[in-house]
file target-v8.pdb (PDB, C-alpha atoms)
ATOM      1  CA  MET A   1      99.518  51.218-149.068
ATOM      2  CA  LYS A   2      95.847  52.108-148.791
ATOM      3  CA  LYS A   3      95.200  50.517-152.186
ATOM      4  CA  LEU A   4      96.933  47.333-151.066
ATOM      5  CA  VAL A   5      94.730  47.113-147.965
ATOM      6  CA  TYR A   6      91.601  47.557-150.105
ATOM      7  CA  LEU A   7      92.819  44.969-152.596
ATOM      8  CA  VAL A   8      93.465  42.394-149.862
ATOM      9  CA  PHE A   9      90.064  43.155-148.309
ATOM     10  CA  PHE A  10      88.188  42.647-151.588
ATOM     11  CA  VAL A  11      90.107  39.477-152.444
ATOM     12  CA  MET A  12      89.294  38.001-149.018
ATOM     13  CA  LEU A  13      85.665  39.065-149.367
ATOM     14  CA  GLY A  14      85.474  37.383-152.764
ATOM     15  CA  ILE A  15      86.996  34.162-151.460
ATOM     16  CA  SER A  16      84.665  33.971-148.473
ATOM     17  CA  SER A  17      81.580  34.719-150.585
ATOM     18  CA  GLN A  18      82.451  31.805-152.873
ATOM     19  CA  ALA A  19      82.672  29.327-149.991
ATOM     20  CA  GLN A  20      80.220  26.539-150.601
ATOM     21  CA  LYS A  21      77.995  24.837-148.103
ATOM     22  CA  ILE A  22      75.834  21.768-148.123
ATOM     23  CA  ASN A  23      72.292  22.604-149.212
ATOM     24  CA  TRP A  24      70.552  21.463-146.022
ATOM     25  CA  MET A  25      66.757  21.246-146.042
ATOM     26  CA  SER A  26      64.031  19.955-143.762
ATOM     27  CA  PHE A  27      63.065  16.304-144.021
ATOM     28  CA  ASP A  28      59.638  17.201-145.436
ATOM     29  CA  GLN A  29      61.292  19.377-148.108
ATOM     30  CA  ALA A  30      63.639  16.519-149.017
ATOM     31  CA  VAL A  31      60.762  14.041-149.359
ATOM     32  CA  ALA A  32      58.857  16.489-151.579
ATOM     33  CA  ALA A  33      61.967  17.075-153.720
ATOM     34  CA  GLN A  34      62.568  13.327-153.952
ATOM     35  CA  LYS A  35      59.061  12.827-155.368
ATOM     36  CA  LYS A  36      59.755  15.384-158.134
ATOM     37  CA  SER A  37      63.285  14.260-158.930
ATOM     38  CA  PRO A  38      64.331  10.948-157.339
ATOM     39  CA  LYS A  39      67.666  10.788-155.550
ATOM     40  CA  PRO A  40      68.598   9.492-152.097
ATOM     41  CA  ILE A  41      68.192  11.516-148.904
ATOM     42  CA  PHE A  42      71.276  11.953-146.721
ATOM     43  CA  ILE A  43      70.381  12.681-143.083
ATOM     44  CA  ASP A  44      72.818  14.035-140.509
ATOM     45  CA  VAL A  45      71.295  12.989-137.168
ATOM     46  CA  TYR A  46      72.711  15.182-134.404
ATOM     47  CA  THR A  47      71.954  16.668-130.992
ATOM     48  CA  ASN A  48      72.763  20.135-129.660
ATOM     49  CA  TRP A  49      74.978  18.770-126.861
ATOM     50  CA  CYS A  50      77.024  16.326-128.991
ATOM     51  CA  GLY A  51      80.688  17.343-129.380
ATOM     52  CA  PRO A  52      81.500  14.918-132.233
ATOM     53  CA  CYS A  53      78.403  16.240-134.063
ATOM     54  CA  LYS A  54      79.890  19.741-133.982
ATOM     55  CA  LEU A  55      83.244  18.376-135.128
ATOM     56  CA  LEU A  56      81.484  16.655-138.036
ATOM     57  CA  ASP A  57      80.043  20.038-139.079
ATOM     58  CA  GLU A  58      83.384  21.820-138.761
ATOM     59  CA  ALA A  59      85.749  19.223-140.176
ATOM     60  CA  THR A  60      83.780  16.987-142.538
ATOM     61  CA  PHE A  61      80.756  18.918-143.815
ATOM     62  CA  SER A  62      82.994  21.890-144.642
ATOM     63  CA  ASP A  63      85.233  19.844-146.959
ATOM     64  CA  ALA A  64      84.833  20.959-150.588
ATOM     65  CA  GLU A  65      84.715  17.413-151.997
ATOM     66  CA  VAL A  66      82.120  16.302-149.410
ATOM     67  CA  ILE A  67      80.002  19.385-150.119
ATOM     68  CA  LYS A  68      80.139  18.791-153.869
ATOM     69  CA  HIS A  69      79.338  15.071-153.606
ATOM     70  CA  ILE A  70      76.433  15.496-151.191
ATOM     71  CA  ASN A  71      74.914  18.436-153.086
ATOM     72  CA  GLU A  72      75.108  16.602-156.420
ATOM     73  CA  ASN A  73      73.945  13.160-155.297
ATOM     74  CA  PHE A  74      71.616  13.608-152.320
ATOM     75  CA  TYR A  75      68.952  15.743-150.734
ATOM     76  CA  ALA A  76      70.682  16.692-147.481
ATOM     77  CA  VAL A  77      68.836  16.938-144.169
ATOM     78  CA  LYS A  78      70.053  17.970-140.714
ATOM     79  CA  PHE A  79      67.811  16.314-138.166
ATOM     80  CA  ASN A  80      67.948  17.112-134.452
ATOM     81  CA  ALA A  81      67.353  13.741-132.785
ATOM     82  CA  GLU A  82      65.904  15.498-129.736
ATOM     83  CA  GLY A  83      64.153  18.344-131.537
ATOM     84  CA  ASN A  84      60.517  19.303-131.867
ATOM     85  CA  GLU A  85      60.100  19.051-135.645
ATOM     86  CA  SER A  86      57.007  17.152-136.800
ATOM     87  CA  ILE A  87      57.757  14.717-139.601
ATOM     88  CA  THR A  88      55.498  12.743-141.895
ATOM     89  CA  PHE A  89      57.056   9.822-143.728
ATOM     90  CA  LEU A  90      55.322   6.970-145.516
ATOM     91  CA  GLU A  91      51.986   8.298-144.269
ATOM     92  CA  LYS A  92      53.088   8.060-140.626
ATOM     93  CA  SER A  93      53.580  11.048-138.325
ATOM     94  CA  PHE A  94      56.568  11.338-135.998
ATOM     95  CA  LYS A  95      57.082  13.827-133.181
ATOM     96  CA  ASN A  96      58.900  14.262-129.902
ATOM     97  CA  PRO A  97      56.225  13.514-127.305
ATOM     98  CA  ARG A  98      58.148  14.969-124.366
ATOM     99  CA  TYR A  99      60.079  17.845-125.949
ATOM    100  CA  ASP A 100      60.743  20.658-123.462
ATOM    101  CA  PRO A 101      61.494  24.026-125.144
ATOM    102  CA  ASN A 102      63.124  25.203-121.897
ATOM    103  CA  ARG A 103      65.783  22.525-122.427
ATOM    104  CA  ALA A 104      66.320  23.175-126.152
ATOM    105  CA  ASN A 105      70.124  23.283-125.858
ATOM    106  CA  SER A 106      70.487  20.425-123.404
ATOM    107  CA  ARG A 107      69.481  16.788-123.414
ATOM    108  CA  ASN A 108      65.843  16.216-124.256
ATOM    109  CA  SER A 109      63.778  13.144-124.916
ATOM    110  CA  MET A 110      64.348  11.264-128.147
ATOM    111  CA  HIS A 111      62.243  12.084-131.201
ATOM    112  CA  GLU A 112      60.099   9.212-132.536
ATOM    113  CA  PHE A 113      61.773   9.514-135.953
ATOM    114  CA  THR A 114      65.139   8.877-134.282
ATOM    115  CA  ASN A 115      63.824   5.491-133.174
ATOM    116  CA  TYR A 116      62.431   4.809-136.656
ATOM    117  CA  LEU A 117      65.898   5.449-138.130
ATOM    118  CA  LYS A 118      67.358   2.996-135.572
ATOM    119  CA  ILE A 119      69.888   5.523-134.276
ATOM    120  CA  GLN A 120      72.115   4.093-131.556
ATOM    121  CA  ALA A 121      74.541   6.986-130.986
ATOM    122  CA  TYR A 122      75.400  10.492-132.139
ATOM    123  CA  PRO A 123      76.431  11.549-134.626
ATOM    124  CA  SER A 124      74.838   9.188-137.090
ATOM    125  CA  MET A 125      74.201   9.586-140.784
ATOM    126  CA  VAL A 126      71.436   7.778-142.619
ATOM    127  CA  VAL A 127      70.851   7.332-146.339
ATOM    128  CA  ILE A 128      67.261   6.773-147.416
ATOM    129  CA  GLY A 129      67.100   5.499-150.973
ATOM    130  CA  LYS A 130      64.839   6.532-153.826
ATOM    131  CA  GLU A 131      62.390   3.799-152.811
ATOM    132  CA  ALA A 132      62.039   5.303-149.293
ATOM    133  CA  LYS A 133      64.004   2.521-147.575
ATOM    134  CA  ILE A 134      66.942   2.943-145.216
ATOM    135  CA  GLU A 135      69.979   1.924-147.272
ATOM    136  CA  LYS A 136      72.806   2.866-144.950
ATOM    137  CA  ASN A 137      73.299   3.851-141.320
ATOM    138  CA  ILE A 138      76.715   5.363-140.586
ATOM    139  CA  LEU A 139      77.452   5.475-136.874
ATOM    140  CA  GLY A 140      79.921   7.964-135.409
ATOM    141  CA  PHE A 141      82.265  10.680-136.596
ATOM    142  CA  ARG A 142      83.871  10.320-140.020
ATOM    143  CA  ASN A 143      86.494  12.548-141.572
ATOM    144  CA  ALA A 144      85.939  13.685-145.158
ATOM    145  CA  LYS A 145      87.840  10.796-146.769
ATOM    146  CA  GLN A 146      86.078   8.169-144.643
ATOM    147  CA  LEU A 147      82.629   9.635-145.307
ATOM    148  CA  LEU A 148      83.185   9.877-149.053
ATOM    149  CA  THR A 149      84.269   6.223-149.105
ATOM    150  CA  GLU A 150      81.023   5.229-147.387
ATOM    151  CA  ILE A 151      78.614   7.304-149.489
ATOM    152  CA  LYS A 152      80.112   6.913-152.960
TER     153      LYS A 152
END

call {"tool": "encode", "arguments": {"input": "target-v8.pdb", "output": "structure tokens"}}
result
Amino acid sequence: MKKLVYLVFFVMLGISSQAQKINWMSFDQAVAAQKKSPKPIFIDVYTNWCGPCKLLDEATFSDAEVIKHINENFYAVKFNAEGNESITFLEKSFKNPRYDPNRANSRNSMHEFTNYLKIQAYPSMVVIGKEAKIEKNILGFRNAKQLLTEIK
């Protein structure tokens, strides 16, 4: 019986250690990687308070086919639309001029890059092509099948 418990434990440990995730990076890292090896940038634009954004993480970005497709075909970025990250893109700097670190998990002011991406609601996903132009803006929650249809 003890051996069976150990066997089940090690099998479960092996399965969970093989679970894949999307290789998220910062926007600046994605731009640098794109210069070395061109492929589009996929941006998940979210906020900390957005329920559908969390559902997108749990239901869609955990799907094995979505993970595989995004990792193979894009540089993936998670961008907090109300965060304090400084971004430089096409020789222009973007920041959140009124970010309040005391409100980091609640609604904050919108980041300048959020406006640049023309985000109208959360969650949104944006694809920036190899030529540094916005190619696609996907508004709202998508399940795995819907998202794959839009980004393939």

call {"tool": "residues_around", "arguments": {"input": "target-v8.pdb", "residues": "Ala30 (chain A)", "least_positions_apart": "3", "cutoff": "10 Å", "atoms": "all atoms listed in the file", "output": "PDB file with C-alpha atoms, keeping the file's coordinate frame"}}
result
ATOM      1  CA  TRP A  24      70.552  21.463-146.022  1.00  0.00           C
ATOM      2  CA  MET A  25      66.757  21.246-146.042  1.00  0.00           C
ATOM      3  CA  SER A  26      64.031  19.955-143.762  1.00  0.00           C
ATOM      4  CA  PHE A  27      63.065  16.304-144.021  1.00  0.00           C
ATOM      5  CA  ALA A  33      61.967  17.075-153.720  1.00  0.00           C
ATOM      6  CA  GLN A  34      62.568  13.327-153.952  1.00  0.00           C
ATOM      7  CA  LYS A  35      59.061  12.827-155.368  1.00  0.00           C
ATOM      8  CA  LYS A  36      59.755  15.384-158.134  1.00  0.00           C
ATOM      9  CA  LYS A  39      67.666  10.788-155.550  1.00  0.00           C
ATOM     10  CA  PRO A  40      68.598   9.492-152.097  1.00  0.00           C
ATOM     11  CA  ILE A  41      68.192  11.516-148.904  1.00  0.00           C
ATOM     12  CA  PHE A  42      71.276  11.953-146.721  1.00  0.00           C
ATOM     13  CA  ILE A  43      70.381  12.681-143.083  1.00  0.00           C
ATOM     14  CA  PHE A  74      71.616  13.608-152.320  1.00  0.00           C
ATOM     15  CA  TYR A  75      68.952  15.743-150.734  1.00  0.00           C
ATOM     16  CA  ALA A  76      70.682  16.692-147.481  1.00  0.00           C
ATOM     17  CA  VAL A  77      68.836  16.938-144.169  1.00  0.00           C
TER      18      VAL A  77
END

call {"tool": "closest_atom_pairs", "arguments": {"input": "target-v8.pdb", "of": "region 52-134 of chain A", "to": "region 138-146 of chain A", "cutoff": "12 Å", "atoms": "all atoms listed in the file", "output": "Markdown table"}}
result
| residue | atom | partner | partner_atom | distance |
| --- | --- | --- | --- | --- |
| A:Pro52 | CA | A:Phe141 | CA | 6.1 |
| A:Cys53 | CA | A:Phe141 | CA | 7.2 |
| A:Lys54 | CA | A:Phe141 | CA | 9.7 |
| A:Leu55 | CA | A:Phe141 | CA | 7.9 |
| A:Leu56 | CA | A:Phe141 | CA | 6.2 |
| A:Asp57 | CA | A:Phe141 | CA | 9.9 |
| A:Glu58 | CA | A:Asn143 | CA | 10.2 |
| A:Ala59 | CA | A:Asn143 | CA | 6.9 |
| A:Thr60 | CA | A:Ala144 | CA | 4.7 |
| A:Phe61 | CA | A:Ala144 | CA | 7.5 |
| A:Ser62 | CA | A:Ala144 | CA | 8.7 |
| A:Asp63 | CA | A:Ala144 | CA | 6.5 |
| A:Ala64 | CA | A:Ala144 | CA | 9.1 |
| A:Glu65 | CA | A:Ala144 | CA | 7.9 |
| A:Val66 | CA | A:Ala144 | CA | 6.3 |
| A:Ile67 | CA | A:Ala144 | CA | 9.6 |
| A:Lys68 | CA | A:Ala144 | CA | 11.6 |
| A:His69 | CA | A:Ala144 | CA | 10.8 |
| A:Ile70 | CA | A:Ala144 | CA | 11.4 |
| A:Leu117 | CA | A:Ile138 | CA | 11.1 |
| A:Lys118 | CA | A:Leu139 | CA | 10.5 |
| A:Ile119 | CA | A:Leu139 | CA | 8.0 |
| A:Gln120 | CA | A:Leu139 | CA | 7.7 |
| A:Ala121 | CA | A:Leu139 | CA | 6.7 |
| A:Tyr122 | CA | A:Gly140 | CA | 6.1 |
| A:Pro123 | CA | A:Gly140 | CA | 5.1 |
| A:Ser124 | CA | A:Leu139 | CA | 4.5 |
| A:Met125 | CA | A:Ile138 | CA | 4.9 |
| A:Val126 | CA | A:Ile138 | CA | 6.2 |
| A:Val127 | CA | A:Ile138 | CA | 8.4 |
| A:Ile128 | CA | A:Ile138 | CA | 11.7 |
| A:Ile134 | CA | A:Ile138 | CA | 11.1 |

call {"tool": "atom_distance", "arguments": {"input": "target-v8.pdb", "atom1": "CA of Glu85 (chain A)", "atom2": "CA of Trp49 (chain A)"}}
result
17.3 Å

call {"tool": "atom_distance", "arguments": {"input": "target-v8.pdb", "atom1": "CA of Glu91 (chain A)", "atom2": "CA of Ser109 (chain A)"}}
result
23.2 Å

call {"tool": "atom_distance", "arguments": {"input": "target-v8.pdb", "atom1": "CA of Phe79 (chain A)", "atom2": "CA of Pro38 (chain A)"}}
result
20.2 Å

call {"tool": "closest_residue", "arguments": {"input": "target-v8.pdb", "among": "A:Leu147, A:Ala32, A:Ala81, A:Val45", "to": "Ala132 (chain A)", "atoms": "all atoms listed in the file"}}
result
A:Ala32

call {"tool": "closest_residue", "arguments": {"input": "target-v8.pdb", "among": "A:Asn115, A:Gln20, A:Thr47, A:Asn73", "to": "Ile151 (chain A)", "atoms": "only C-alpha atoms"}}
result
A:Asn73

call {"tool": "closest_residue", "arguments": {"input": "target-v8.pdb", "among": "A:Ser37, A:Ser93, A:Thr114, A:Thr149", "to": "Lys130 (chain A)", "atoms": "only C-alpha atoms"}}
result
A:Ser37
